[in-house]
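Novice: What follows is coords.pdb; its format and atoms are PDB, C-alpha atoms.
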ATOM      1  CA  MET A   1     134.514 113.835  81.333
ATOM      2  CA  GLU A   2     137.889 114.522  79.767
ATOM      3  CA  VAL A   3     139.704 113.794  76.534
ATOM      4  CA  LEU A   4     143.494 113.878  76.356
ATOM      5  CA  ILE A   5     144.830 115.505  73.182
ATOM      6  CA  GLY A   6     148.245 114.640  71.728
ATOM      7  CA  LYS A   7     150.310 111.947  70.046
ATOM      8  CA  GLU A   8     149.578 109.723  73.079
ATOM      9  CA  GLY A   9     146.099 111.139  73.627
ATOM     10  CA  ASN A  10     142.769 109.338  73.519
ATOM     11  CA  GLN A  11     141.107 111.704  71.054
ATOM     12  CA  PRO A  12     138.956 109.908  68.424
ATOM     13  CA  PHE A  13     141.668 110.223  65.748
ATOM     14  CA  LYS A  14     145.441 109.823  65.566
ATOM     15  CA  ILE A  15     147.809 112.812  65.726
ATOM     16  CA  THR A  16     151.315 112.399  64.269
ATOM     17  CA  ASP A  17     152.347 116.034  63.831
ATOM     18  CA  PRO A  18     155.944 116.359  65.152
ATOM     19  CA  TYR A  19     155.171 119.727  66.756
ATOM     20  CA  VAL A  20     152.342 118.298  68.849
ATOM     21  CA  SER A  21     153.444 116.991  72.235
ATOM     22  CA  ARG A  22     152.661 113.471  73.416
ATOM     23  CA  LYS A  23     150.280 114.919  76.006
ATOM     24  CA  HIS A  24     149.594 118.340  74.577
ATOM     25  CA  ALA A  25     146.271 119.496  76.051
ATOM     26  CA  ILE A  26     143.139 118.262  77.762
ATOM     27  CA  LEU A  27     139.496 119.066  77.024
ATOM     28  CA  ARG A  28     136.915 118.894  79.818
ATOM     29  CA  THR A  29     133.158 119.219  79.877
ATOM     30  CA  LEU A  30     131.670 122.040  81.973
ATOM     31  CA  PRO A  31     128.310 122.012  83.799
ATOM     32  CA  ASP A  32     126.956 124.797  81.554
ATOM     33  CA  GLY A  33     127.413 122.682  78.410
ATOM     34  CA  ASN A  34     130.601 124.376  77.242
ATOM     35  CA  TYR A  35     134.103 122.992  77.415
ATOM     36  CA  GLN A  36     137.393 123.915  78.998
ATOM     37  CA  LEU A  37     140.672 123.480  77.133
ATOM     38  CA  GLU A  38     143.893 123.369  79.137
ATOM     39  CA  ASP A  39     147.430 123.266  77.790
ATOM     40  CA  LEU A  40     149.539 120.641  79.600
ATOM     41  CA  GLY A  41     152.853 122.442  79.338
ATOM     42  CA  SER A  42     153.284 121.492  75.677
ATOM     43  CA  THR A  43     156.453 122.429  73.789
ATOM     44  CA  GLY A  44     154.701 124.169  70.895
ATOM     45  CA  GLY A  45     151.880 125.789  72.873
ATOM     46  CA  THR A  46     148.118 125.929  72.327
ATOM     47  CA  TYR A  47     146.438 128.868  70.534
ATOM     48  CA  ILE A  48     142.878 130.016  69.886
ATOM     49  CA  LEU A  49     142.255 130.832  66.201
ATOM     50  CA  ASP A  50     139.727 133.031  64.447
ATOM     51  CA  ASN A  51     137.590 131.959  61.489
ATOM     52  CA  ASN A  52     140.505 132.676  59.133
ATOM     53  CA  ASN A  53     142.841 130.477  61.162
ATOM     54  CA  ASN A  54     144.765 133.444  62.532
ATOM     55  CA  LYS A  55     146.091 133.287  66.047
ATOM     56  CA  ILE A  56     144.047 135.228  68.587
ATOM     57  CA  ARG A  57     145.927 134.298  71.734
ATOM     58  CA  GLN A  58     147.924 131.581  73.393
ATOM     59  CA  ILE A  59     146.143 129.860  76.248
ATOM     60  CA  ILE A  60     146.973 127.973  79.375
ATOM     61  CA  LYS A  61     143.316 127.367  80.258
ATOM     62  CA  ALA A  62     140.261 128.736  78.460
ATOM     63  CA  THR A  63     136.565 128.108  77.970
ATOM     64  CA  VAL A  64     135.745 127.010  74.410
ATOM     65  CA  THR A  65     132.681 125.986  72.397
ATOM     66  CA  PRO A  66     132.242 123.294  69.754
ATOM     67  CA  GLU A  67     132.901 125.908  67.050
ATOM     68  CA  THR A  68     136.237 127.027  68.510
ATOM     69  CA  LYS A  69     139.351 126.375  66.435
ATOM     70  CA  VAL A  70     142.707 125.792  68.097
ATOM     71  CA  LEU A  71     146.275 125.473  66.940
ATOM     72  CA  LEU A  72     148.493 122.849  68.539
ATOM     73  CA  GLY A  73     152.156 123.662  68.082
ATOM     74  CA  THR A  74     153.009 125.446  64.842
ATOM     75  CA  GLN A  75     150.705 123.879  62.233
ATOM     76  CA  TYR A  76     148.182 121.356  63.565
ATOM     77  CA  ILE A  77     144.674 122.863  63.533
ATOM     78  CA  LEU A  78     141.587 121.202  64.969
ATOM     79  CA  GLU A  79     138.031 122.165  65.789
ATOM     80  CA  ILE A  80     136.666 121.384  69.224
ATOM     81  CA  LYS A  81     133.607 119.741  67.666
ATOM     82  CA  SER A  82     135.866 117.114  66.090
ATOM     83  CA  LEU A  83     136.563 115.842  69.631
ATOM     84  CA  LEU A  84     132.942 115.639  70.714
ATOM     85  CA  SER A  85     132.394 112.142  69.321
ATOM     86  CA  TYR A  86     134.643 110.962  72.153
ATOM     87  CA  PHE A  87     132.300 112.533  74.718
ATOM     88  CA  HIS A  88     129.236 111.139  72.970
ATOM     89  CA  LYS A  89     130.791 107.695  73.000
ATOM     90  CA  LYS A  90     131.668 107.999  76.679
ATOM     91  CA  GLU A  91     128.173 109.253  77.489
ATOM     92  CA  GLN A  92     126.654 106.282  75.687
ATOM     93  CA  GLU A  93     129.011 103.924  77.517
ATOM     94  CA  GLU A  94     128.097 105.514  80.857
ATOM     95  CA  GLN A  95     124.391 105.299  80.071
ATOM     96  CA  GLU A  96     124.736 101.690  78.996
ATOM     97  CA  LYS A  97     126.695 100.939  82.155
ATOM     98  CA  LYS A  98     123.983 102.536  84.298
ATOM     99  CA  ARG A  99     121.253 100.624  82.460
ATOM    100  CA  GLU A 100     123.164  97.384  82.968
ATOM    101  CA  GLU A 101     123.653  98.136  86.665
ATOM    102  CA  GLN A 102     119.960  98.945  87.031
ATOM    103  CA  ARG A 103     119.014  95.748  85.197
ATOM    104  CA  LYS A 104     121.257  93.659  87.444
ATOM    105  CA  LEU A 105     119.924  95.405  90.548
ATOM    106  CA  LYS A 106     116.365  94.739  89.433
ATOM    107  CA  GLU A 107     117.171  91.082  88.751
ATOM    108  CA  GLU A 108     118.800  90.740  92.168
ATOM    109  CA  LYS A 109     115.763  92.251  93.907
ATOM    110  CA  GLU A 110     113.386  89.990  91.967
ATOM    111  CA  LEU A 111     115.590  86.982  92.736
ATOM    112  CA  ILE A 112     115.600  87.744  96.459
ATOM    113  CA  ALA A 113     111.826  88.342  96.447
ATOM    114  CA  ASN A 114     111.133  85.092  94.574
ATOM    115  CA  PHE A 115     113.474  83.194  96.878
ATOM    116  CA  ALA A 116     111.561  84.492  99.911
ATOM    117  CA  LYS A 117     108.383  82.963  98.439
ATOM    118  CA  LEU A 118     109.956  79.517  98.768
ATOM    119  CA  GLN A 119     109.363  79.699 102.510
ATOM    120  CA  ASN A 120     105.606  79.500 101.903
ATOM    121  CA  VAL A 121     106.143  76.683  99.411
ATOM    122  CA  TYR A 122     108.010  74.615 101.987
ATOM    123  CA  GLU A 123     105.589  75.407 104.833
ATOM    124  CA  ASN A 124     102.599  74.498 102.643
ATOM    125  CA  TYR A 125     104.310  71.241 101.697
ATOM    126  CA  ILE A 126     104.820  70.269 105.340
ATOM    127  CA  THR A 127     101.237  71.285 106.177
ATOM    128  CA  GLU A 128      99.850  69.143 103.340
ATOM    129  CA  LYS A 129     101.879  66.135 104.513
ATOM    130  CA  ILE A 130     100.648  66.504 108.093
ATOM    131  CA  ASN A 131      97.040  67.034 106.984
ATOM    132  CA  LEU A 132      97.236  63.935 104.785
ATOM    133  CA  GLN A 133      98.513  61.830 107.677
ATOM    134  CA  LYS A 134      95.795  63.210 109.970
ATOM    135  CA  SER A 135      93.136  62.571 107.349
ATOM    136  CA  ILE A 136      94.212  58.964 106.876
ATOM    137  CA  ALA A 137      94.337  58.444 110.655
ATOM    138  CA  VAL A 138      90.803  59.846 111.096
ATOM    139  CA  LYS A 139      89.446  57.731 108.236
ATOM    140  CA  ASN A 140      91.019  54.585 109.687
ATOM    141  CA  PHE A 141      89.486  55.402 113.072
ATOM    142  CA  TYR A 142      85.979  55.695 111.650
ATOM    143  CA  ARG A 143      86.536  52.642 109.471
ATOM    144  CA  SER A 144      87.441  50.559 112.501
ATOM    145  CA  LEU A 145      84.684  52.000 114.738
ATOM    146  CA  PRO A 146      81.913  49.530 113.649
ATOM    147  CA  THR A 147      84.278  46.630 114.294
ATOM    148  CA  VAL A 148      85.112  47.944 117.758
ATOM    149  CA  ILE A 149      81.430  48.453 118.628
ATOM    150  CA  SER A 150      80.407  45.009 117.379
ATOM    151  CA  THR A 151      83.296  43.421 119.266
ATOM    152  CA  LEU A 152      82.279  45.207 122.476
ATOM    153  CA  LEU A 153      78.674  44.084 122.017
ATOM    154  CA  PHE A 154      79.761  40.498 121.444
ATOM    155  CA  GLY A 155      81.948  40.649 124.540
ATOM    156  CA  LEU A 156      79.042  42.112 126.498
ATOM    157  CA  THR A 157      76.833  39.150 125.559
ATOM    158  CA  MET A 158      79.491  36.838 126.881
ATOM    159  CA  VAL A 159      79.679  38.744 130.186
ATOM    160  CA  LEU A 160      75.936  38.964 130.782
ATOM    161  CA  GLY A 161      75.552  35.215 130.850
ATOM    162  CA  GLU A 162      72.938  32.995 129.287
ATOM    163  CA  ASN A 163      69.319  33.921 128.675
ATOM    164  CA  ALA A 164      66.989  33.429 125.754
ATOM    165  CA  PHE A 165      67.429  36.953 124.297
ATOM    166  CA  ILE A 166      71.209  37.026 124.548
ATOM    167  CA  ALA A 167      71.449  33.529 123.143
ATOM    168  CA  SER A 168      69.313  34.633 120.188
ATOM    169  CA  VAL A 169      71.259  37.822 119.349
ATOM    170  CA  ARG A 170      74.777  36.519 120.021
ATOM    171  CA  PRO A 171      75.115  34.684 116.675
ATOM    172  CA  PHE A 172      73.846  37.766 114.861
ATOM    173  CA  ILE A 173      76.306  40.025 116.679
ATOM    174  CA  GLY A 174      79.118  37.576 116.045
ATOM    175  CA  LEU A 175      78.269  37.470 112.356
ATOM    176  CA  LEU A 176      78.055  41.258 112.294
ATOM    177  CA  MET A 177      81.457  41.458 113.962
ATOM    178  CA  VAL A 178      83.015  39.168 111.351
ATOM    179  CA  VAL A 179      81.473  41.219 108.538
ATOM    180  CA  PHE A 180      82.706  44.499 110.047
ATOM    181  CA  ILE A 181      86.188  43.064 110.536
ATOM    182  CA  GLY A 182      86.300  42.095 106.879
ATOM    183  CA  ILE A 183      84.985  45.462 105.709
ATOM    184  CA  THR A 184      87.368  47.349 108.011
ATOM    185  CA  THR A 185      90.348  45.312 106.817
ATOM    186  CA  LEU A 186      89.433  46.031 103.179
ATOM    187  CA  GLN A 187      88.947  49.765 103.832
ATOM    188  CA  VAL A 188      92.206  50.086 105.737
ATOM    189  CA  TYR A 189      93.967  48.308 102.885
ATOM    190  CA  LYS A 190      92.476  50.739 100.392
ATOM    191  CA  GLY A 191      93.486  53.636 102.642
ATOM    192  CA  GLN A 192      97.050  52.392 102.773
ATOM    193  CA  LYS A 193      97.120  52.368  98.954
ATOM    194  CA  GLU A 194      95.519  55.793  98.788
ATOM    195  CA  GLN A 195      98.082  57.470 101.066
ATOM    196  CA  PRO A 196     101.207  56.775  98.913
ATOM    197  CA  GLU A 197      99.387  57.971  95.788
ATOM    198  CA  LYS A 198      98.369  61.260  97.393
ATOM    199  CA  MET A 199     101.826  61.637  98.948
ATOM    200  CA  GLU A 200     103.369  61.158  95.511
ATOM    201  CA  GLN A 201     101.156  63.918  94.110
ATOM    202  CA  ILE A 202     102.194  66.270  96.921
ATOM    203  CA  ASN A 203     105.881  65.450  96.361
ATOM    204  CA  LYS A 204     105.615  66.005  92.601
ATOM    205  CA  GLN A 205     104.027  69.424  93.049
ATOM    206  CA  PHE A 206     106.647  70.315  95.648
ATOM    207  CA  MET A 207     109.448  69.379  93.227
ATOM    208  CA  ILE A 208     107.866  71.686  90.633
ATOM    209  CA  ASP A 209     107.500  74.649  93.021
ATOM    210  CA  TYR A 210     110.552  74.325  95.297
ATOM    211  CA  VAL A 211     113.140  75.358  92.729
ATOM    212  CA  CYS A 212     115.842  78.000  92.311
ATOM    213  CA  PRO A 213     114.127  81.184  91.045
ATOM    214  CA  LYS A 214     116.957  81.707  88.535
ATOM    215  CA  CYS A 215     117.951  78.328  87.059
ATOM    216  CA  GLY A 216     114.844  76.329  88.017
ATOM    217  CA  SER A 217     116.781  73.467  89.660
ATOM    218  CA  PHE A 218     114.953  71.501  92.372
ATOM    219  CA  LEU A 219     116.432  72.423  95.750
ATOM    220  CA  GLY A 220     115.753  69.116  97.493
ATOM    221  CA  PHE A 221     113.582  68.083 100.417
ATOM    222  CA  ILE A 222     115.378  70.359 102.845
ATOM    223  CA  PRO A 223     113.952  73.084 105.124
ATOM    224  CA  PHE A 224     113.844  76.658 103.894
ATOM    225  CA  GLU A 225     116.058  77.711 106.822
ATOM    226  CA  SER A 226     118.799  75.455 105.472
ATOM    227  CA  LEU A 227     118.588  77.187 102.090
ATOM    228  CA  VAL A 228     118.967  80.551 103.791
ATOM    229  CA  LYS A 229     122.167  79.341 105.450
ATOM    230  CA  LYS A 230     123.548  78.135 102.105
ATOM    231  CA  LYS A 231     123.056  81.702 100.717
ATOM    232  CA  GLN A 232     123.342  80.544  97.099
ATOM    233  CA  CYS A 233     121.993  77.989  94.656
ATOM    234  CA  PRO A 234     124.080  74.798  94.589
ATOM    235  CA  SER A 235     123.558  74.556  90.808
ATOM    236  CA  CYS A 236     123.927  78.044  89.296
ATOM    237  CA  LYS A 237     125.628  79.669  92.331
ATOM    238  CA  CYS A 238     123.348  82.714  92.221
ATOM    239  CA  LYS A 239     123.125  84.490  95.585
ATOM    240  CA  TRP A 240     119.755  84.592  97.348
ATOM    241  CA  ILE A 241     120.517  87.058 100.134
TER     242      ILE A 241
END
In structure tokens, how does this file's structure come out?
Specialist:
Amino acid sequence: MEVLIGKEGNQPFKITDPYVSRKHAILRTLPDGNYQLEDLGSTGGTYILDNNNNKIRQIIKATVTPETKVLLGTQYILEIKSLLSYFHKKEQEEQEKKREEQRKLKEEKELIANFAKLQNVYENYITEKINLQKSIAVKNFYRSLPTVISTLLFGLTMVLGENAFIASVRPFIGLLMVVFIGITTLQVYKGQKEQPEKMEQINKQFMIDYVCPKCGSFLGFIPFESLVKKKQCPSCKCKWI
């Protein structure tokens, strides 16, 4: 990091001394923890001072420590440590920037991971719908089976012709057929009422689970592949991939 020193510098305080150039010198951090001070061709020059503020030497470029005193021009004295707040501020800003970047990166990864889970949500939804339809179809088949059997038996009595046994059982079979038809009709009716209720429950749960992992908006009854092609949430515009 660097701090520009002068009347137009970015040091943490203002310099108005007329003998200090607009861009007088620059202070850089070194890997070993010390600092390098470089004169930028100033008019008045840059000098290292001793503890009594006496000139030791004029510098073009020199390694300094926080305790080093320097003279800018003919009368402006400063200590290197007075400039360090600038570096501390910049370090804090850099650290905060890195933390923010890491936070955003983590959020993006979590968002992408949570979005990928929606594929299972959609596939489970389709599977539940198909299983419900199959279940209703199987139930209706077994509900209608007694009616079919009784109808076949009644038809068989009609084909076999007349004899005492057939004549005696035909009314019973016919009555049984009528009863089974009534029961089957009632059961199928109940099944038709049951299917919309269960379908509504499946749809409600799907609308709760199939949502944008960031804003929570329902994404509609559309395939997961279509969401992948959209690449972002239609509500909050966050990117999924």
Novice: Apply the PyMOL selection byres ((chain A and resi 61-69) around 9) to the file shown and report the selected residues as a PyMOL selection string.
Specialist: chain A and resi 30+33-39+47-51+53+59-60+70-71+77-84
Novice: Please compute the atom CA of Lys239 of chain A-atom CA of Val121 of chain A distance, one decimal, in Å.
Specialist: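 Straight-line distance from atom CA of Lys239 of chain A to atom CA of Val121 of chain A works out to 19.1 Å.
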Novice: What do you get, as a PyMOL selection string, if you spell out every residue that the PyMOL selection byres ((chain A and resi 221-233) around 10) selects here?
Specialist: chain A and resi 115-123+125-126+203+206-207+210-220+234-241
Novice: Decode the PyMOL selection byres ((chain A and resi 41) around 10) for the given file into explicit residues and return them as a ChimeraX atom specification.
Specialist: /A:21,23-25,38-40,42-46,60
Novice: Name the closest residue to Phe13 of chain A among the candidates A:Arg57, A:Ile26, A:Leu72, A:Tyr86; distances are taken between atoms, counting all atoms listed in the file.
Specialist: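 Result for the nearest residue to Phe13 of chain A: A:Tyr86.
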Novice: Do you have the atom CA of Gln195 of chain A-atom CA of Ile136 of chain A distance handy?
Specialist: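 Between atom CA of Gln195 of chain A and atom CA of Ile136 of chain A the gap works out to 7.1 Å.
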Novice: Can you work out which one of A:Met199, A:Pro171, A:Arg143, A:Lys7 has the shortest atom-to-atom distance to Ile130 of chain A, counting all atoms listed in the file?
Specialist: A:Met199
Novice: What does the distance from atom CA of Phe172 of chain A to atom CA of Ala137 of chain A come to in Å, to one decimal?
Specialist: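 Calculated distance between atom CA of Phe172 of chain A and atom CA of Ala137 of chain A is 29.4 Å.
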Novice: Write out as a tab-separated table (two decimals) with C-alpha atoms, in the coordinates of the input which residues come within 8 Å of Val3 of chain A when counting all atoms listed in the file, dropping same-chain ones fewer than 2 positions away.
Specialist:
chain	number	residue	atom	x	y	z
A	1	MET	CA	134.51	113.84	81.33
A	5	ILE	CA	144.83	115.50	73.18
A	9	GLY	CA	146.10	111.14	73.63
A	10	ASN	CA	142.77	109.34	73.52
A	11	GLN	CA	141.11	111.70	71.05
A	26	ILE	CA	143.14	118.26	77.76
A	27	LEU	CA	139.50	119.07	77.02
A	28	ARG	CA	136.92	118.89	79.82
A	83	LEU	CA	136.56	115.84	69.63
A	86	TYR	CA	134.64	110.96	72.15
A	87	PHE	CA	132.30	112.53	74.72
Novice: Do a neighbour search on Ile181 of chain A at 8 Å with all atoms listed in the file, toss out local chain neighbours closer than 4 positions, and write the hits as a compact mmCIF listing (two decimals) with C-alpha atoms, in the coordinates of the input.
Specialist:
# COMPACT_ATOMS: atom_id res chain seq x y z
CA SER A 144 87.44 50.56 112.50
CA THR A 147 84.28 46.63 114.29
CA MET A 177 81.46 41.46 113.96
CA THR A 185 90.35 45.31 106.82
Novice: My structure is short of atoms at segment 71-102 of chain A; please model N, CA and C atoms there, returning them as a tab-separated table (two decimals), in the frame of the given file.
Specialist:
chain	number	residue	atom	x	y	z
A	71	LEU	N	145.02	125.86	67.59
A	71	LEU	CA	146.28	125.47	66.94
A	71	LEU	C	147.14	124.80	67.99
A	72	LEU	N	147.59	123.58	67.66
A	72	LEU	CA	148.49	122.85	68.54
A	72	LEU	C	149.89	122.91	67.92
A	73	GLY	N	150.82	123.52	68.64
A	73	GLY	CA	152.16	123.66	68.08
A	73	GLY	C	152.19	124.73	67.02
A	74	THR	N	152.82	124.43	65.88
A	74	THR	CA	153.01	125.45	64.84
A	74	THR	C	152.10	125.27	63.65
A	75	GLN	N	151.47	124.07	63.47
A	75	GLN	CA	150.71	123.88	62.23
A	75	GLN	C	149.48	122.97	62.35
A	76	TYR	N	149.31	122.30	63.48
A	76	TYR	CA	148.18	121.36	63.56
A	76	TYR	C	146.94	122.08	64.07
A	77	ILE	N	145.92	122.17	63.21
A	77	ILE	CA	144.67	122.86	63.53
A	77	ILE	C	143.57	121.82	63.74
A	78	LEU	N	142.77	122.06	64.77
A	78	LEU	CA	141.59	121.20	64.97
A	78	LEU	C	140.44	122.03	65.52
A	79	GLU	N	139.24	121.55	65.25
A	79	GLU	CA	138.03	122.16	65.79
A	79	GLU	C	137.57	121.36	67.00
A	80	ILE	N	137.10	122.06	68.00
A	80	ILE	CA	136.67	121.38	69.22
A	80	ILE	C	135.57	120.35	68.92
A	81	LYS	N	134.70	120.66	67.96
A	81	LYS	CA	133.61	119.74	67.67
A	81	LYS	C	134.10	118.40	67.12
A	82	SER	N	135.33	118.38	66.60
A	82	SER	CA	135.87	117.11	66.09
A	82	SER	C	136.20	116.15	67.23
A	83	LEU	N	136.26	116.68	68.46
A	83	LEU	CA	136.56	115.84	69.63
A	83	LEU	C	135.30	115.36	70.35
A	84	LEU	N	134.15	115.91	69.94
A	84	LEU	CA	132.94	115.64	70.71
A	84	LEU	C	132.44	114.21	70.57
A	85	SER	N	132.82	113.54	69.48
A	85	SER	CA	132.39	112.14	69.32
A	85	SER	C	132.92	111.29	70.46
A	86	TYR	N	134.08	111.68	71.01
A	86	TYR	CA	134.64	110.96	72.15
A	86	TYR	C	133.71	111.08	73.36
A	87	PHE	N	133.20	112.32	73.59
A	87	PHE	CA	132.30	112.53	74.72
A	87	PHE	C	130.97	111.80	74.50
A	88	HIS	N	130.48	111.84	73.26
A	88	HIS	CA	129.24	111.14	72.97
A	88	HIS	C	129.39	109.65	73.21
A	89	LYS	N	130.54	109.12	72.79
A	89	LYS	CA	130.79	107.70	73.00
A	89	LYS	C	130.85	107.37	74.49
A	90	LYS	N	131.55	108.22	75.25
A	90	LYS	CA	131.67	108.00	76.68
A	90	LYS	C	130.31	108.13	77.37
A	91	GLU	N	129.51	109.09	76.92
A	91	GLU	CA	128.17	109.25	77.49
A	91	GLU	C	127.32	108.02	77.24
A	92	GLN	N	127.40	107.49	76.01
A	92	GLN	CA	126.65	106.28	75.69
A	92	GLN	C	127.13	105.10	76.52
A	93	GLU	N	128.46	105.00	76.69
A	93	GLU	CA	129.01	103.92	77.52
A	93	GLU	C	128.55	104.04	78.96
A	94	GLU	N	128.53	105.30	79.48
A	94	GLU	CA	128.10	105.51	80.86
A	94	GLU	C	126.62	105.18	81.01
A	95	GLN	N	125.82	105.59	80.02
A	95	GLN	CA	124.39	105.30	80.07
A	95	GLN	C	124.14	103.80	80.00
A	96	GLU	N	124.89	103.14	79.12
A	96	GLU	CA	124.74	101.69	79.00
A	96	GLU	C	125.17	101.00	80.29
A	97	LYS	N	126.22	101.50	80.89
A	97	LYS	CA	126.70	100.94	82.16
A	97	LYS	C	125.64	101.11	83.25
A	98	LYS	N	125.02	102.29	83.30
A	98	LYS	CA	123.98	102.54	84.30
A	98	LYS	C	122.78	101.64	84.05
A	99	ARG	N	122.39	101.50	82.78
A	99	ARG	CA	121.25	100.62	82.46
A	99	ARG	C	121.55	99.19	82.86
A	100	GLU	N	122.78	98.74	82.61
A	100	GLU	CA	123.16	97.38	82.97
A	100	GLU	C	123.16	97.20	84.48
A	101	GLU	N	123.66	98.20	85.21
A	101	GLU	CA	123.65	98.14	86.66
A	101	GLU	C	122.23	98.11	87.20
A	102	GLN	N	121.36	98.93	86.61
A	102	GLN	CA	119.96	98.94	87.03
A	102	GLN	C	119.28	97.62	86.73
